[in-house]
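K.L.:
Okay, handing you the structure first.
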Amino acid sequence: MKIGSETDSHPAERASGSIAALRKAAATCRACPLWENATQTVFGEGSAKAPIMLVGEQPGDQEDRMGHPFVGPAGQLLARALAAVDIPREQIYITNAVKHFKFELRGNRRLHKKPVDAEIAACYAWLRREIELVAPRLLIALGATAVRSLLGRATPIMANRGALHAYAPSISLLITVHPSFLLRVPEQDKDDEYRRFITDLKLARPFLHPN
Ligand code: SF4
């Protein structure tokens, strides 16, 4: 399966065809400036033949230090939500649109900074190859950066969430919020927003075991 196109000059195009080979090549990627200040590349993880691939934005502070996606507070919330809809994490593949942590320093704190379009576009070459190799039946875009990367254009989340969209032959796309959004909403809205997130994720469950 070939999705979209990139030039062969990107290291993702030169890496041979396995997730392990991609991960190894991405460890030394310099295709945009984000590698310079981050600790390490945080590549996707999970089943290499997963029917469902979740795509987040970028690693956060803890992910950058530990080298694994979705291990910080947003990841813990996501794990709780996946368990609530009976989607085992070991049966899916989890990655990010951007593989290096982008931040600004405030004193000793590293505050998350949103990747710009050029950084998202540079890192899409890795995501595109992950999709080709894993060949999921469903992509779940968590938040605006993931949607921007997958669709190549800004797309409103709230107007498009909670429905299955056609993405590519044999691949559907489910759009929902990033779990970090649920951590940021005012306290009085948290339960409602979590329930909406669960309602969205329930649409993914049939893709684990089709027919
Ligand atoms: S963010 Fe992506 S494209 Fe940029 S250096 Fe890291 S792996 Fe390469």
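Just so we're on the same page: first chain in the structure tokens is A, next is B, and so on; residues restart at 1 for each chain, and ligands are numbered from 1 in the order they show up.
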Using only C-alpha atoms and all ligand atoms, tabulate the residues of chain A lying at most 7 Å from any atom of ligand 1, each with its closest atom pair and that distance in Å to one decimal, by chain and increasing residue number, as JSON lines.

P.N.:
```
{"residue": "A:Ala26", "atom": "CA", "partner": "ligand 1", "partner_atom_place_in_ligand_line": "7 (S)", "distance": 5.5}
{"residue": "A:Cys29", "atom": "CA", "partner": "ligand 1", "partner_atom_place_in_ligand_line": "8 (Fe)", "distance": 4.3}
{"residue": "A:Arg30", "atom": "CA", "partner": "ligand 1", "partner_atom_place_in_ligand_line": "5 (S)", "distance": 4.3}
{"residue": "A:Ala31", "atom": "CA", "partner": "ligand 1", "partner_atom_place_in_ligand_line": "3 (S)", "distance": 4.5}
{"residue": "A:Cys32", "atom": "CA", "partner": "ligand 1", "partner_atom_place_in_ligand_line": "4 (Fe)", "distance": 3.9}
{"residue": "A:Pro33", "atom": "CA", "partner": "ligand 1", "partner_atom_place_in_ligand_line": "5 (S)", "distance": 5.8}
{"residue": "A:Leu34", "atom": "CA", "partner": "ligand 1", "partner_atom_place_in_ligand_line": "1 (S)", "distance": 5.1}
{"residue": "A:Trp35", "atom": "CA", "partner": "ligand 1", "partner_atom_place_in_ligand_line": "5 (S)", "distance": 4.6}
{"residue": "A:Thr41", "atom": "CA", "partner": "ligand 1", "partner_atom_place_in_ligand_line": "7 (S)", "distance": 6.0}
{"residue": "A:Val98", "atom": "CA", "partner": "ligand 1", "partner_atom_place_in_ligand_line": "1 (S)", "distance": 4.9}
{"residue": "A:Lys99", "atom": "CA", "partner": "ligand 1", "partner_atom_place_in_ligand_line": "1 (S)", "distance": 4.7}
{"residue": "A:His100", "atom": "CA", "partner": "ligand 1", "partner_atom_place_in_ligand_line": "1 (S)", "distance": 4.4}
{"residue": "A:Glu119", "atom": "CA", "partner": "ligand 1", "partner_atom_place_in_ligand_line": "4 (Fe)", "distance": 5.9}
{"residue": "A:Ala122", "atom": "CA", "partner": "ligand 1", "partner_atom_place_in_ligand_line": "3 (S)", "distance": 4.5}
{"residue": "A:Cys123", "atom": "CA", "partner": "ligand 1", "partner_atom_place_in_ligand_line": "3 (S)", "distance": 3.7}
```

K.L.:
Would you save the residues from that selection as a PDB file, in the first residue's frame, using N, CA and C atoms?

P.N.:
```
ATOM      1  N   ALA A  26      14.736   6.370  12.243  1.00  0.00           N
ATOM      2  CA  ALA A  26      14.172   7.620  12.794  1.00  0.00           C
ATOM      3  C   ALA A  26      14.971   8.132  13.990  1.00  0.00           C
ATOM      4  N   CYS A  29      17.057  10.868  12.705  1.00  0.00           N
ATOM      5  CA  CYS A  29      16.426  11.776  11.741  1.00  0.00           C
ATOM      6  C   CYS A  29      16.783  13.236  12.052  1.00  0.00           C
ATOM      7  N   ARG A  30      17.107  13.964  10.995  1.00  0.00           N
ATOM      8  CA  ARG A  30      17.409  15.400  11.107  1.00  0.00           C
ATOM      9  C   ARG A  30      16.583  16.175  10.072  1.00  0.00           C
ATOM     10  N   ALA A  31      15.416  15.646   9.724  1.00  0.00           N
ATOM     11  CA  ALA A  31      14.637  16.221   8.625  1.00  0.00           C
ATOM     12  C   ALA A  31      13.938  17.534   8.994  1.00  0.00           C
ATOM     13  N   CYS A  32      13.912  17.879  10.265  1.00  0.00           N
ATOM     14  CA  CYS A  32      13.440  19.192  10.703  1.00  0.00           C
ATOM     15  C   CYS A  32      14.221  19.544  11.963  1.00  0.00           C
ATOM     16  N   PRO A  33      14.106  20.770  12.464  1.00  0.00           N
ATOM     17  CA  PRO A  33      14.992  21.168  13.577  1.00  0.00           C
ATOM     18  C   PRO A  33      14.627  20.582  14.948  1.00  0.00           C
ATOM     19  N   LEU A  34      13.535  19.842  15.052  1.00  0.00           N
ATOM     20  CA  LEU A  34      13.064  19.457  16.386  1.00  0.00           C
ATOM     21  C   LEU A  34      13.974  18.469  17.117  1.00  0.00           C
ATOM     22  N   TRP A  35      14.831  17.767  16.404  1.00  0.00           N
ATOM     23  CA  TRP A  35      15.719  16.797  17.058  1.00  0.00           C
ATOM     24  C   TRP A  35      16.729  17.492  17.971  1.00  0.00           C
ATOM     25  N   THR A  41      14.276  10.505  19.658  1.00  0.00           N
ATOM     26  CA  THR A  41      13.094  10.246  18.827  1.00  0.00           C
ATOM     27  C   THR A  41      12.170   9.301  19.591  1.00  0.00           C
ATOM     28  N   VAL A  98       4.291  13.797  15.078  1.00  0.00           N
ATOM     29  CA  VAL A  98       5.642  14.366  15.170  1.00  0.00           C
ATOM     30  C   VAL A  98       6.404  13.563  16.227  1.00  0.00           C
ATOM     31  N   LYS A  99       7.615  13.143  15.890  1.00  0.00           N
ATOM     32  CA  LYS A  99       8.317  12.165  16.739  1.00  0.00           C
ATOM     33  C   LYS A  99       9.309  12.783  17.725  1.00  0.00           C
ATOM     34  N   HIS A 100       9.516  14.076  17.673  1.00  0.00           N
ATOM     35  CA  HIS A 100      10.376  14.726  18.673  1.00  0.00           C
ATOM     36  C   HIS A 100       9.566  15.725  19.486  1.00  0.00           C
ATOM     37  N   GLU A 119       7.057  21.313  10.289  1.00  0.00           N
ATOM     38  CA  GLU A 119       7.527  20.194  11.113  1.00  0.00           C
ATOM     39  C   GLU A 119       6.578  18.999  10.973  1.00  0.00           C
ATOM     40  N   ALA A 122       7.294  17.478   7.596  1.00  0.00           N
ATOM     41  CA  ALA A 122       8.569  16.744   7.560  1.00  0.00           C
ATOM     42  C   ALA A 122       8.408  15.378   8.228  1.00  0.00           C
ATOM     43  N   CYS A 123       7.652  15.324   9.294  1.00  0.00           N
ATOM     44  CA  CYS A 123       7.517  14.071  10.042  1.00  0.00           C
ATOM     45  C   CYS A 123       6.447  13.160   9.451  1.00  0.00           C
TER      46      CYS A 123
END
```

K.L.:
Tell me which protein, DNA and RNA residues are within 7 Å of Leu133 in chain A, counting only C-alpha atoms, leaving out same-chain ones fewer than 3 positions away, and put them as a ChimeraX atom specification.

P.N.:
/A:18-19,129-130

K.L.:
Mind checking which residues fall within 10 Å of range 187-197 of chain A, counting only C-alpha atoms, ignoring those fewer than 6 positions away in the same chain, and posting them as a ChimeraX atom specification?

P.N.:
/A:77-78,81,161-162,176-179,181

K.L.:
Work out how far CA of Val185 in chain A is from CA of Ala79 in chain A, in Å to one decimal.

P.N.:
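Those two atoms sit 18.5 Å apart.
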
K.L.:
From a DSSP pass on the backbone, collect the residues of range 20-181 of chain A flagged as alpha helix (DSSP H) and hand them back as an NGL selection string.

P.N.:
:A and (20-26 or 61-66 or 73-84 or 117-134 or 144-151 or 157-160 or 179-181)

K.L.:
Using only C-alpha atoms for the distances, tell me which of A:Ala125, A:Leu164, A:Val85, A:Ala74 is nearest to Leu150 in chain A.

P.N.:
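Residue with the minimum atom-to-atom distance to Leu150 in chain A: A:Ala125.
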
K.L.:
Using only C-alpha atoms, determine which residues lie at most 10 Å from Leu151 in chain A, disregarding the query and same-chain residues fewer than 6 positions distant; provide the list as a tab-separated table (two decimals) with C-alpha atoms, in the first residue's frame.

P.N.:
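What ended up in result-v1.tsv:
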```
chain	number	residue	atom	x	y	z
A	141	ALA	CA	-6.63	10.91	14.85
A	145	THR	CA	-2.11	18.04	14.73
A	167	TYR	CA	-9.24	7.75	4.45
A	173	LEU	CA	-10.54	7.49	9.84
```
